[in-house]
Amino acid sequence: MKNWIQRRHIVFLVLLIPLLFFQGVSPHIGYAESSLTITSHQNGDRLPVDVVRISGSYSAVKNIEVIIDAKTVNKAQLVPNSSESGEWFYDLDTNEIDGSVEIVLKGTSTITRYSTWSEPLLLEVDNNKANTPKVMIQDPKTDTSITKNTKVTVTASGKNDIEAVYIRVNGGEWTLTKKNSDIYTYHLVTLSERDKTYSIEAKAMDSLGNIGLSQTVYVRTGNGRSVDTTPEKQDRAMWIWENASYNLIYNEGSRKVLDAFAKDTTTFNQDAITTLYLGVDRYYGVDMLEDERERVRNFISWAHQKGYKVHALIAGGTKPPHFGAFDRYHEIALREVENIINYNLSSRSEEQFDGVNIDIEPYIASQFKTEKPSLQIQYLNLLEKMMDLKRVSDSSLSMGAAIPNWYDSSPYAENITWGPNLNDGERETKWLSEHIQDILDYISIMDYRDFAEGSNGIIERALDEIEYAVTINKPNSVVIGVETKDIADGGDPELISFREEGRTYMEQELDKVYATMNSSPSFGGIALHHYDTLRYLPSEWSDDGVFWEPPLDTEAPTQVDRQPKALPTSYQSIFIDYGRAYDNGEVEHYAIYRGLTPDFTPDESNLAGESRGLSYVDEGLLADTTYYYKVAAVDVNGNIGPVSAVASATTNQSSLKPLKVEEASIIYSNGKAEVTITVSDLKTGLPVKSNLSGRFEFVSGKVVNGTTNDQGQITFTSETLGTHSGKIGFKINAITAAGYYWASSKDVSYDLQTTWAFERMSESEDAYIRSDSYGDINYGDSPILEVKGLEESFQSYDRKAYIQFSSDPSSLDNLARVTLKFYVDRGISDSEVSSVPLSIYGAVNQEWNEENITWNSQPDSLTFSKVGEVGVSAKGWYQIDLTEWASSLENVHSLTFRLSDDALMDRLVPIQSKENTNAPTLEIRK
Ligand SMILES: [Ca+2]
Ligand SMILES: [Ca+2]
Ligand SMILES: [Ca+2]
Ligand SMILES: [Ca+2]
């Protein structure tokens, strides 16, 4: 059995997916109501070598984590004094710390769902036992030439005696140096190769076994290795985070699945993926670039054989990733780049990374807003230092960064004065994005919008970066990234992800991006975020939706290679972790089963949850109760492997009473989904008045919250859903009530999802017409049907829309309901007009067609009768029930609707036509 996880003091390893923190439209400052403070200590306090309790208070924040020196993320323990606020504490063990240590708290605001941060606290520990030796290569200097025989000299010092100093050249074996008073020396003999580049690293070990590493020194013989940085198109690229990337290096079957996915161009009429941004950060104690070089080499040469380029995907090397942007942590972030360069220098050409994708997002830190431009400049300095590592190591790596689409439009990115420090460049004042584009080989814009065209769309938000790249002559350097993650839980608006719309729609929008961008020399392609969410993005959310199918496989994964362990983390949660399982395909997730006795039989009924990674937190448990867990791996085809041995843990005690979901249901009715949830006291079964928050799923990402009534009941309604078929669900995020907690494991079993599908008539013709001097112009191919009404004294501004559905005469027989639906392209409300009442008129068997209808040739208005009015304000679907009118019709070959603003509100109502994405439809239910 492989025991590949080296566990030292990691207890709660939180997976940090940096792009997850993307905050939508512009930087966001949380509301004052959410707060997190550290009260037990002050900056500069000296801590004893012991277990020290750090504590403070919180308000309107949940999921509180304590981040220690940007290295570990740990759960805080809570002592609530109400459901919203209280005290937190964390017992910090300083036995493994020496020197200064920074502590920051992070939580999720219960108001905005964005991250809330405490002020950082810097403490001191004087602890010889944990001292890390400082080691430095004095000679040769980096970026110099060496001869065939070179003396390498190193200095090392620390609070404890230095026991040994080692040298490693181009990732070879660590070799002991000779000690010469205070200097350590090594005689380096280079091979006869004329032009070569070398990495030299030193490592010092003290008498207690503490290890310190030097920065890498890069030297060359002759001209060094040859450099080729011809910028290449990356179309299409895809982000692959560590949950998936470690599978790819440990489990060969995962490559088969990735290759099938990346090369598939038929399921969604999509383009093939050719560039992989491969996450290489430390994962459950393993650093793949240091500990698993052979596996990484094996993966990259496989990928190259299959025609892929591979970029190492890194963040700051810190937890959370964006801390790498701060000066204090630059050394850690730079080591990430050194690791990639050194890995490449130690590997054959076919095993080397082709590029680096840097995902450090400094705007997540509050200082990005409060201390502008300090952090912006620290970030630029870091990028410059990273590029300098590339230069001194004669590296051909294509270096790029993921950046938000607003580094060229937000006030927080405006007027940044910066100039290269290392080669004494001139300081210039420009957009943050422009500095970044000056420094790096490429950018991958996180151009997170779910529509291509128009104001604020994908194209518009990337145009300035594309144009700037042309002016600085960087071809193929602007990659446009799009999001497919389900982001509704994080506070971002659903317009940043294609998740709700599905892949068919996404591919249509991406086609528009290509159509506009392909002609620009600086366009570097499209990048998709990210592999683990894309595999589950259907063509559309409905019964007709198609999912990507992995290659057929009936073989189940292995058992996990380390049996699970369980540990309570509060009165209502238990942390479970376990080893890795292997499969001939992709291990998709681990199923975690929960029982109340050690010999329980794992099955669907006691499935506590699923985890893509190697740990899981089971929440909503009963206090002071012992639970038993078993784990089984599930492959991408749904084959379930053998279950593990059992692990158990007992939750802490609590005076809070458990409540549960007593009843929950969802229905689709009249164009909307309606969810009803009843909450009750677990013991008494009596209703509990509580606050409930949740979100709709699948086609909708709408987030809702509210308070239950005296019967413990609450109903949430979705937005109007205009499509004739669809799938919608609902997920409860939190239930809170004074004196209670949500014991979700005791909820009645419920399935909050439903689908709908109706017959519909698609329109055959649509057009708008315009009055007076425009009276002979035809607008039949416009993607927007314009409606506007003004007083008669204003000439030439009136517009009306005509929409026609052809039908066979039987299609309106035996009706239950007929609904006309149309989509308003953008909101029309302003300070004077909150909504426009659209008048809708209907007529049967009218003779007109969209190629030639004009104001002057429109059908006779006397043949129309008014069928109703719809008030239009925000962007979205609108509908009108026509059942009564349609039931009386006979011998129908076609139906025509005329839309006008008879109230003369003087506002243009833009309705999407059949030449657009959301064409009007006539939905028929029988
Ligand atoms: Ca932009
Ligand atoms: Ca969306
Ligand atoms: Ca399998
Ligand atoms: Ca049309």
# chains A, B, ... in the order shown; residues from 1 in each chain; ligands from 1
>>> residues_around(residues="Ile332 in chain A", least_positions_apart="3", cutoff="8 Å", atoms="only C-alpha atoms", output="list in words")
Gly316, Gly317, Thr318, Gly324, Tyr329, Arg335 and Glu336 of chain A
>>> residues_near_ligand(ligand="ligand 1", cutoff="6 Å", atoms="only C-alpha atoms and all ligand atoms", output="PyMOL selection string")
chain A and resi 405-406+408+461-462+464-465
>>> closest_residue(among="A:Asn342, A:Thr72, A:Ser59, A:Ser873", to="Pro837 in chain A", atoms="only C-alpha atoms")
A:Ser873
>>> residues_around(residues="range 907-920 of chain A", least_positions_apart="5", cutoff="6 Å", atoms="only C-alpha atoms", output="tab-separated table (two decimals) with N, CA and C atoms, in the first residue's frame")
chain	number	residue	atom	x	y	z
A	783	PRO	N	-31.98	41.99	-34.83
A	783	PRO	CA	-32.00	41.09	-33.67
A	783	PRO	C	-32.85	41.64	-32.51
A	784	ILE	N	-33.24	42.90	-32.62
A	784	ILE	CA	-34.07	43.52	-31.58
A	784	ILE	C	-35.36	44.03	-32.22
A	785	LEU	N	-36.48	43.71	-31.57
A	785	LEU	CA	-37.76	44.29	-31.97
A	785	LEU	C	-37.98	45.50	-31.08
A	786	GLU	N	-38.04	46.67	-31.69
A	786	GLU	CA	-38.15	47.89	-30.89
A	786	GLU	C	-39.59	48.33	-30.76
A	787	VAL	N	-39.96	48.71	-29.53
A	787	VAL	CA	-41.30	49.24	-29.30
A	787	VAL	C	-41.13	50.58	-28.58
A	788	LYS	N	-41.83	51.59	-29.09
A	788	LYS	CA	-41.75	52.90	-28.45
A	788	LYS	C	-43.01	53.68	-28.79
A	821	LYS	N	-44.52	34.39	-24.81
A	821	LYS	CA	-43.35	34.78	-24.01
A	821	LYS	C	-42.37	35.56	-24.87
A	822	PHE	N	-41.83	36.59	-24.32
A	822	PHE	CA	-40.81	37.35	-25.05
A	822	PHE	C	-39.75	37.83	-24.07
A	823	TYR	N	-38.59	38.13	-24.60
A	823	TYR	CA	-37.43	38.44	-23.75
A	823	TYR	C	-37.01	39.89	-23.98
A	824	VAL	N	-37.01	40.67	-22.91
A	824	VAL	CA	-36.58	42.07	-22.99
A	824	VAL	C	-35.06	42.12	-22.79
A	825	ASP	N	-34.39	42.72	-23.76
A	825	ASP	CA	-32.93	42.65	-23.88
A	825	ASP	C	-32.18	43.39	-22.77
>>> atom_distance(atom1="CA of Ser409 in chain A", atom2="CA of Leu313 in chain A")
26.0 Å
>>> residues_near_ligand(ligand="ligand 2", cutoff="6 Å", atoms="only C-alpha atoms and all ligand atoms", output="ChimeraX atom specification")
/A:450,494-501
>>> write_last_selection(atoms="C-alpha atoms", output="tab-separated table (two decimals), in the first residue's frame")
chain	number	residue	atom	x	y	z
A	450	ASP	CA	-22.27	34.86	-20.09
A	494	GLU	CA	-25.05	34.62	-12.35
A	495	LEU	CA	-24.09	36.62	-15.43
A	496	ILE	CA	-20.44	35.77	-14.84
A	497	SER	CA	-20.86	32.03	-15.52
A	498	PHE	CA	-22.26	29.96	-18.39
A	499	ARG	CA	-23.35	27.41	-15.83
A	500	GLU	CA	-27.09	28.25	-15.99
A	501	GLU	CA	-27.21	28.64	-19.77
>>> closest_residue(among="A:Ile769, A:Ile840, A:Val310, A:Val688", to="ligand 4", atoms="only C-alpha atoms and all ligand atoms")
A:Ile769
>>> select_by_dssp(residues="range 513-687 of chain A", states="strand (DSSP E)", output="MDAnalysis selection string")
chainID A and resid 523:529 565:568 573:577 587:595 607:611 615:619 626:635 647:650 657:669 672:681
>>> residues_near_ligand(ligand="ligand 4", cutoff="6 Å", atoms="only C-alpha atoms and all ligand atoms", output="MDAnalysis selection string")
chainID A and resid 765:767 780:782 850 913:915
>>> residues_near_ligand(ligand="ligand 3", cutoff="6 Å", atoms="only C-alpha atoms and all ligand atoms", output="number ranges by chain")
A: 553-557, 583-585, 635
>>> write_last_selection(atoms="N, CA and C atoms", output="tab-separated table (two decimals), in the first residue's frame")
chain	number	residue	atom	x	y	z
A	553	ASP	N	-16.61	2.28	-19.56
A	553	ASP	CA	-15.73	1.66	-18.56
A	553	ASP	C	-16.60	1.00	-17.52
A	554	THR	N	-16.36	-0.28	-17.25
A	554	THR	CA	-17.18	-0.98	-16.25
A	554	THR	C	-16.35	-1.43	-15.05
A	555	GLU	N	-15.06	-1.05	-15.07
A	555	GLU	CA	-14.17	-1.50	-13.99
A	555	GLU	C	-14.23	-0.48	-12.85
A	556	ALA	N	-14.42	-0.98	-11.64
A	556	ALA	CA	-14.53	-0.08	-10.48
A	556	ALA	C	-13.15	0.35	-9.98
A	557	PRO	N	-13.07	1.52	-9.33
A	557	PRO	CA	-11.79	1.96	-8.74
A	557	PRO	C	-11.34	1.03	-7.61
A	583	ASP	N	-7.92	4.14	-10.66
A	583	ASP	CA	-8.93	3.60	-11.58
A	583	ASP	C	-8.34	3.52	-12.98
A	584	ASN	N	-8.93	2.65	-13.82
A	584	ASN	CA	-8.52	2.61	-15.23
A	584	ASN	C	-9.03	3.84	-15.98
A	585	GLY	N	-9.98	4.57	-15.40
A	585	GLY	CA	-10.42	5.86	-15.95
A	585	GLY	C	-10.16	6.93	-14.90
A	635	ASP	N	-15.86	6.10	-9.97
A	635	ASP	CA	-15.21	6.60	-11.19
A	635	ASP	C	-16.18	7.45	-12.01
>>> residues_around(residues="Asp681 in chain A", least_positions_apart="2", cutoff="7 Å", atoms="only C-alpha atoms", output="PyMOL selection string")
chain A and resi 658-660+683-688
>>> closest_residue(among="A:Val836, A:Ile167, A:Val356, A:Leu191", to="Thr147 in chain A", atoms="only C-alpha atoms")
A:Leu191
>>> closest_residue(among="A:Arg612, A:Lys151, A:Arg535, A:His304", to="His589 in chain A", atoms="only C-alpha atoms")
A:Arg612
>>> closest_residue(among="A:Thr265, A:Asn518, A:Asn456, A:Ser811", to="Arg826 in chain A", atoms="only C-alpha atoms")
A:Asn456
>>> closest_residue(among="A:Ser615, A:Ser455, A:Asn733, A:Asn891", to="Tyr283 in chain A", atoms="only C-alpha atoms")
A:Ser615
>>> residues_around(residues="Thr144 in chain A", least_positions_apart="4", cutoff="8 Å", atoms="only C-alpha atoms", output="PDB file with C-alpha atoms, in the first residue's frame")
ATOM      1  CA  PRO A 140      28.967  32.195  -8.618  1.00  0.00           C
ATOM      2  CA  TYR A 218      21.379  30.419 -12.547  1.00  0.00           C
ATOM      3  CA  VAL A 219      24.641  30.343 -14.495  1.00  0.00           C
ATOM      4  CA  ARG A 220      25.605  29.435 -18.018  1.00  0.00           C
TER       5      ARG A 220
END
>>> atom_distance(atom1="CA of Pro475 in chain A", atom2="CA of Tyr514 in chain A")
15.7 Å
